[in-house]
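Asker: The file below is input25.txt, compact mmCIF, C-alpha atoms:
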# COMPACT_ATOMS: atom_id res chain seq x y z
CA MET A 1149 0.00 0.00 0.00
CA SER A 1150 1.04 3.66 -0.28
CA CYS A 1151 1.97 3.71 3.41
CA GLY A 1152 4.57 0.99 2.80
CA HIS A 1153 2.76 -1.87 4.54
CA ALA A 1154 1.78 -5.07 2.75
CA VAL A 1155 -1.63 -6.75 2.87
CA ASP A 1156 -3.20 -9.46 0.74
CA PRO A 1157 -6.35 -8.61 -1.25
CA ASN A 1158 -8.74 -10.74 0.82
CA SER A 1159 -7.54 -9.29 4.13
CA LEU A 1160 -7.71 -5.78 2.67
CA THR A 1161 -11.31 -6.32 1.57
CA ARG A 1162 -12.33 -7.71 4.97
CA TRP A 1163 -10.65 -4.86 6.87
CA CYS A 1164 -12.18 -2.12 4.72
CA ARG A 1165 -15.59 -3.78 4.83
CA SER A 1166 -15.38 -3.87 8.65
CA LEU A 1167 -14.55 -0.13 8.70
CA LEU A 1168 -17.62 0.61 6.59
CA ASP A 1169 -19.78 -1.56 8.86
CA GLN A 1170 -18.55 0.48 11.84
CA GLY A 1171 -19.50 3.73 10.12
CA HIS A 1172 -16.06 4.83 8.91
CA GLY A 1173 -16.28 6.51 5.53
CA LYS A 1174 -12.52 6.49 5.02
CA PHE A 1175 -9.94 3.70 5.07
CA HIS A 1176 -6.76 3.66 7.13
CA CYS A 1177 -3.87 1.28 7.71
CA PRO A 1178 -4.16 -0.83 10.90
CA ALA A 1179 -0.49 -1.89 10.94
CA ASP A 1180 1.23 -1.78 14.32
CA VAL A 1181 4.66 -0.15 14.12
CA ALA A 1182 6.72 -0.18 17.33
CA GLY A 1183 3.56 -0.03 19.44
CA GLN A 1184 1.95 2.74 17.37
CA LYS A 1185 -0.82 2.36 14.80
CA CYS A 1186 0.08 3.53 11.29
CA LEU A 1187 -3.43 4.93 10.59
CA LYS A 1188 -2.33 6.48 7.28
CA GLU A 1189 -5.36 7.02 5.08
CA TRP A 1190 -5.68 4.88 1.95
CA PRO A 1191 -7.45 6.54 -1.00
CA TYR A 1192 -10.49 4.59 -2.12
CA MET A 1193 -9.12 4.10 -5.64
CA GLU A 1194 -6.03 2.45 -4.12
CA VAL A 1195 -8.22 0.15 -2.03
CA ARG A 1196 -10.41 -0.63 -5.01
CA LYS A 1197 -7.40 -1.59 -7.12
CA ASN A 1198 -5.40 -3.57 -4.55
CA ALA A 1199 -8.37 -5.36 -2.99
CA LEU A 1200 -9.36 -6.67 -6.43
CA LEU A 1201 -12.99 -5.78 -5.71
CA THR A 1202 -15.67 -7.38 -7.86
CA ASP A 1203 -18.34 -5.22 -9.51
CA ASP A 1204 -20.81 -6.13 -6.74
CA GLU A 1205 -18.25 -5.31 -4.04
CA ARG A 1206 -17.43 -1.97 -5.66
CA ALA A 1207 -21.11 -1.07 -5.81
CA MET A 1208 -21.60 -2.04 -2.16
CA PHE A 1209 -18.50 -0.09 -1.02
CA GLU A 1210 -19.49 3.04 -2.93
CA GLU A 1211 -23.11 2.93 -1.77
CA LYS A 1212 -22.05 2.66 1.89
CA MET A 1213 -19.42 5.38 1.48
CA ALA A 1214 -22.03 7.73 -0.02
CA LEU A 1215 -24.50 6.97 2.77
CA ILE A 1216 -21.91 7.57 5.49
CA ALA A 1217 -20.75 10.80 3.85
CA GLY A 1218 -24.33 12.06 3.75
CA GLN A 1219 -24.92 11.22 7.41
CA ARG A 1220 -21.69 12.88 8.47
CA ASP A 1221 -21.98 16.10 6.54
CA ARG A 1222 -22.73 18.73 9.16
CA GLY A 1223 -21.90 21.66 6.87
CA PHE A 1224 -25.32 21.90 5.18
CA LYS A 1225 -28.85 22.69 6.37
CA LYS A 1226 -32.08 23.89 4.81
CA CYS A 1227 -32.84 27.58 5.15
CA PRO A 1228 -36.03 27.89 7.26
CA GLY A 1229 -37.28 30.64 4.95
CA CYS A 1230 -36.98 29.08 1.48
CA ASN A 1231 -35.94 25.45 2.17
CA THR A 1232 -32.86 25.90 -0.01
CA VAL A 1233 -29.80 23.94 1.14
CA VAL A 1234 -27.28 26.38 2.59
CA GLN A 1235 -23.65 25.73 3.41
CA ARG A 1236 -22.08 27.17 6.54
CA LYS A 1237 -18.58 28.15 5.46
CA ASN A 1238 -17.41 29.53 8.82
CA LEU A 1239 -17.90 26.72 11.35
CA GLY A 1240 -17.03 29.06 14.20
CA LYS A 1241 -20.08 31.27 13.65
CA LEU A 1242 -23.80 30.54 14.04
CA TRP A 1243 -24.84 33.43 11.76
CA VAL A 1244 -25.71 32.23 8.23
CA HIS A 1245 -26.64 34.37 5.22
CA CYS A 1246 -29.18 33.01 2.71
CA VAL A 1247 -28.59 34.38 -0.78
CA ILE A 1248 -31.98 33.20 -2.10
CA CYS A 1249 -34.09 34.83 0.63
CA SER A 1250 -32.02 38.01 0.42
CA ALA A 1251 -32.61 38.26 -3.33
CA LYS A 1252 -36.36 37.59 -3.01
CA LYS A 1253 -36.89 40.12 -0.22
CA ASN A 1254 -34.30 42.58 -1.50
CA LYS A 1255 -32.71 42.83 1.92
CA PRO A 1256 -30.15 40.79 3.90
CA CYS A 1257 -31.70 37.63 5.38
CA GLU A 1258 -29.86 35.67 8.02
CA PHE A 1259 -30.80 32.78 10.30
CA CYS A 1260 -29.26 31.00 13.28
CA TRP A 1261 -27.60 27.69 12.41
CA GLN A 1262 -28.47 26.35 15.84
CA CYS A 1263 -32.15 27.18 16.39
CA LEU A 1264 -33.06 27.88 12.70
CA ARG A 1265 -34.87 31.10 13.59
CA PRO A 1266 -34.23 34.56 12.09
CA TRP A 1267 -30.91 35.82 13.37
CA ILE A 1268 -30.94 38.11 16.40
CA ASP A 1269 -27.59 39.43 17.54
CA GLY A 1270 -26.75 37.81 20.85
CA GLY A 1271 -23.73 39.94 21.62
CA SER A 1272 -20.30 38.38 21.96
CA SER A 1273 -21.49 34.81 22.66
CA SER A 1274 -20.58 32.28 19.99
CA LEU A 1275 -22.72 29.55 21.60
CA ARG A 1276 -26.16 31.10 20.98
CA CYS A 1277 -27.96 33.88 19.14
CA GLY A 1278 -30.30 36.42 20.71
CA ASN A 1279 -33.39 34.22 20.40
CA GLU A 1280 -34.75 32.96 23.72
CA GLY A 1281 -33.91 29.31 24.30
CA CYS A 1282 -31.25 29.10 21.60
CA ALA A 1283 -28.82 26.43 22.73
CA ASP A 1284 -26.86 23.62 21.16
CA PRO A 1285 -28.75 20.38 22.04
CA ARG A 1286 -25.42 18.54 22.06
CA LEU A 1287 -24.36 20.50 25.15
CA LYS A 1288 -27.39 19.15 27.01
CA ILE A 1289 -26.36 15.59 26.04
CA LEU A 1290 -22.81 16.17 27.26
CA ALA A 1291 -24.08 17.66 30.52
CA GLU A 1292 -26.59 14.91 31.31
CA CYS A 1293 -25.01 11.71 29.96
CA SER A 1294 -24.24 8.92 32.41
CA VAL A 1295 -20.75 8.12 33.67
CA LYS A 1296 -19.00 4.77 33.36
CA ASP A 1297 -15.85 2.86 34.24
CA LEU A 1298 -13.74 2.35 31.11
CA PRO A 1299 -13.01 -1.32 30.28
CA LYS A 1300 -9.42 -2.61 30.42
CA SER A 1301 -8.40 0.34 32.61
CA GLU A 1302 -8.46 1.71 36.14
CA ILE A 1303 -10.40 4.79 35.04
CA LYS A 1304 -13.63 5.43 36.94
CA ASN A 1305 -16.60 7.79 36.46
CA CYS A 1306 -15.80 8.95 32.95
CA PRO A 1307 -18.60 10.66 30.96
CA SER A 1308 -20.02 8.08 28.56
CA ILE A 1309 -20.40 10.59 25.70
CA ARG A 1310 -17.74 12.97 24.42
CA ALA A 1311 -17.42 15.51 21.62
CA CYS A 1312 -14.31 14.76 19.59
CA PRO A 1313 -11.70 17.30 20.80
CA THR A 1314 -10.68 17.94 17.18
CA CYS A 1315 -13.93 18.29 15.22
CA GLY A 1316 -16.77 18.09 17.76
CA PHE A 1317 -18.36 14.88 16.43
CA MET A 1318 -20.41 13.22 19.19
CA ILE A 1319 -19.10 9.81 20.28
CA ALA A 1320 -20.57 7.36 22.81
CA HIS A 1321 -18.09 4.98 24.41
CA LYS A 1322 -18.94 1.31 23.97
CA ASP A 1323 -16.97 -1.66 25.26
CA LEU A 1324 -13.36 -1.25 24.13
CA CYS A 1325 -10.37 0.57 25.64
CA LYS A 1326 -10.05 4.29 26.36
CA TYR A 1327 -8.57 5.11 22.94
CA VAL A 1328 -11.13 5.81 20.21
CA ILE A 1329 -10.88 6.93 16.58
CA CYS A 1330 -13.31 9.65 15.53
CA LEU A 1331 -15.53 8.50 12.67
CA GLN A 1332 -15.59 12.00 11.19
CA CYS A 1333 -11.99 13.27 11.29
CA SER A 1334 -10.16 9.93 11.95
CA VAL A 1335 -8.14 11.41 14.84
CA GLU A 1336 -7.41 8.94 17.65
CA PHE A 1337 -7.83 10.37 21.15
CA CYS A 1338 -8.14 9.30 24.77
CA PHE A 1339 -11.77 9.20 25.97
CA ALA A 1340 -10.67 9.94 29.54
CA CYS A 1341 -8.23 12.86 29.36
CA LEU A 1342 -9.28 14.06 25.84
CA GLU A 1343 -5.66 14.35 24.69
CA SER A 1344 -4.64 12.85 21.36
CA ALA A 1345 -3.57 9.21 21.70
CA LYS A 1346 0.03 10.11 20.84
CA VAL A 1347 0.21 12.82 23.52
CA CYS A 1348 -1.47 10.62 26.12
CA GLN A 1349 0.85 7.69 25.42
CA ALA A 1350 3.98 9.84 25.20
CA ASN A 1351 3.39 11.30 28.68
CA LYS A 1352 2.40 8.06 30.35
CA GLY A 1353 4.94 5.34 30.79
CA GLY A 1354 4.00 1.70 31.22
CA ALA A 1355 0.46 0.48 30.67
CA HIS A 1356 -1.07 3.07 28.33
CA PHE A 1357 -4.55 1.57 28.52
CA LYS A 1358 -4.93 1.42 32.33
CA THR A 1359 -4.44 5.02 33.45
CA CYS A 1360 -3.72 8.52 32.11
CA PHE A 1361 -0.97 10.97 33.01
CA LYS A 1362 -3.79 13.51 33.64
CA SER A 1363 -7.05 13.31 35.54
CA VAL A 1364 -10.28 12.44 33.78
CA ALA A 1365 -11.35 15.52 31.83
CA PRO A 1366 -14.56 17.11 33.15
CA ARG A 1367 -17.76 17.21 31.16
CA GLN A 1368 -17.32 19.37 28.07
CA THR A 1369 -19.15 22.70 28.01
CA ARG A 1370 -18.16 23.70 24.45
CA ILE A 1371 -18.30 21.87 21.14
CA PRO A 1372 -14.87 21.96 19.46
CA VAL A 1373 -14.75 23.18 15.85
Spit out the file's structure as structure tokens when you get a sec.
Answerer:
Amino acid sequence: MSCGHAVDPNSLTRWCRSLLDQGHGKFHCPADVAGQKCLKEWPYMEVRKNALLTDDERAMFEEKMALIAGQRDRGFKKCPGCNTVVQRKNLGKLWVHCVICSAKKNKPCEFCWQCLRPWIDGGSSSLRCGNEGCADPRLKILAECSVKDLPKSEIKNCPSIRACPTCGFMIAHKDLCKYVICLQCSVEFCFACLESAKVCQANKGGAHFKTCFKSVAPRQTRIPV
């Protein structure tokens, strides 16, 4: 493969199919190099060629990839005024300008990305507009989710749901170790301390999976962008 690691076609097909079944829309190398995962992304055309996919397999792969991409795309919503799909180009701002509504009404038309109501200036806050009750529902999930003890570790009372510290994608911890790979941005991080896996492992000698070099990170009160 382009990362330099070898894999036979059947194993490559099984691995990539398992990633799709888990909701990953991209493919990465699982090779273990000196205790670290390679995780280099493989382009789909490379996978398609080296896995020797049949026509049916190619159709299945591409259908699942398209479905996952559609489910993951958080950059588009329908304008509440005209139902036109609008893209939010600045992910750090809730204010969105609709070109169609502005042209029809001959005046600037903006709406809140979060509550989908006409935009009211909320001052300096980037978490809500001026509309009463405007709040990111994900923050309520992060604040009220249950806590759990992480398997294969000595970590207790960790929030069971986290927002990826890189892109903000919501992730619920299941049954594996404290290290998880975000389905949206493919960054591996520690579910307990919220550091990247590399930083967490570099600062913690010995058993990486049992404890962290930092305390369990508190519940998140902001969604990373």
Asker: When you draw a straight line from CA of Leu1290 in chain A to CA of Pro1313 in chain A, how long is it in Å?
Answerer: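 Taking CA of Leu1290 in chain A and CA of Pro1313 in chain A, their separation equals 12.9 Å.
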Asker: When distances are computed from only C-alpha atoms, which of A:Glu1194, A:Glu1211, A:Asp1156, A:Asp1204 shows the smallest separation from Gly1173 in chain A?
Answerer: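 Nearest candidate to Gly1173 in chain A out of A:Glu1194, A:Glu1211, A:Asp1156, A:Asp1204: A:Glu1211.
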Asker: At a cut-off of 12 Å, using all atoms listed in the file, what residues contact Trp1261 in chain A? Leave out same-chain residues fewer than 4 positions from it and give the result as a ChimeraX atom specification.
Answerer: /A:1222-1228,1234-1246,1265-1268,1274-1277,1279,1282-1284
Asker: Which of these residues is nearest to Lys1252 in chain A, using all atoms listed in the file: A:Pro1157, A:Cys1230, A:Lys1326, A:Thr1314?
Answerer: A:Cys1230
Asker: What lies within 9 Å of Cys1338 in chain A using all atoms listed in the file, ignoring chain neighbours under 4 positions off, as an MDAnalysis selection string?
Answerer: chainID A and resid 1326:1329 1342:1345 1348 1360
Asker: As an exercise, work out the distance from CA of Trp1163 in chain A to CA of Cys1330 in chain A in Å and give it to one decimal place.
Answerer: 17.1 Å
Asker: Excluding Gln1368 in chain A and its own-chain neighbours fewer than 3 positions away, which residues fall within 9 Å of it when counting only C-alpha atoms? Please give them as number ranges by chain.
Answerer: A: 1287, 1290-1291, 1310-1311, 1365, 1371
Asker: Take CA of Lys1296 in chain A and CA of Ser1308 in chain A and report the distance between them in Å, one decimal.
Answerer: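 So the answer is 5.9 Å.
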Asker: Looking at only C-alpha atoms, which of A:Pro1256, A:Val1155, A:Ile1303, A:Arg1367 is the one that sits closest to Ala1179 in chain A?
Answerer: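 Selected residue with least distance to Ala1179 in chain A: A:Val1155.
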Asker: Would you mind listing what lies within 8 Å of Ile1309 in chain A as an MDAnalysis selection string, with only C-alpha atoms counted and same-chain residues fewer than 6 positions away left out?
Answerer: chainID A and resid 1289:1290 1293:1294 1318:1321
Asker: Env of Val1364 in chain A: 9 Å cut, atoms = all atoms listed in the file, seq-sep filter 4 positions within chain, self excluded. Answer as a ChimeraX atom specification.
Answerer: /A:1303-1307,1339-1342,1360
Asker: Of the candidates A:Val1295, A:Leu1201, A:Cys1325, A:Met1213, which shows the shortest atom-to-atom distance to Gly1171 in chain A, using only C-alpha atoms?
Answerer: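 When distances to Gly1171 in chain A are compared using only C-alpha atoms, the smallest one comes from A:Met1213.
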Asker: Considering all atoms listed in the file, can you say which of A:Ser1159, A:Glu1336, A:Val1247, A:Pro1299 comes closest to Lys1188 in chain A?
Answerer: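 Among the listed residues, A:Glu1336 lies closest to Lys1188 in chain A.
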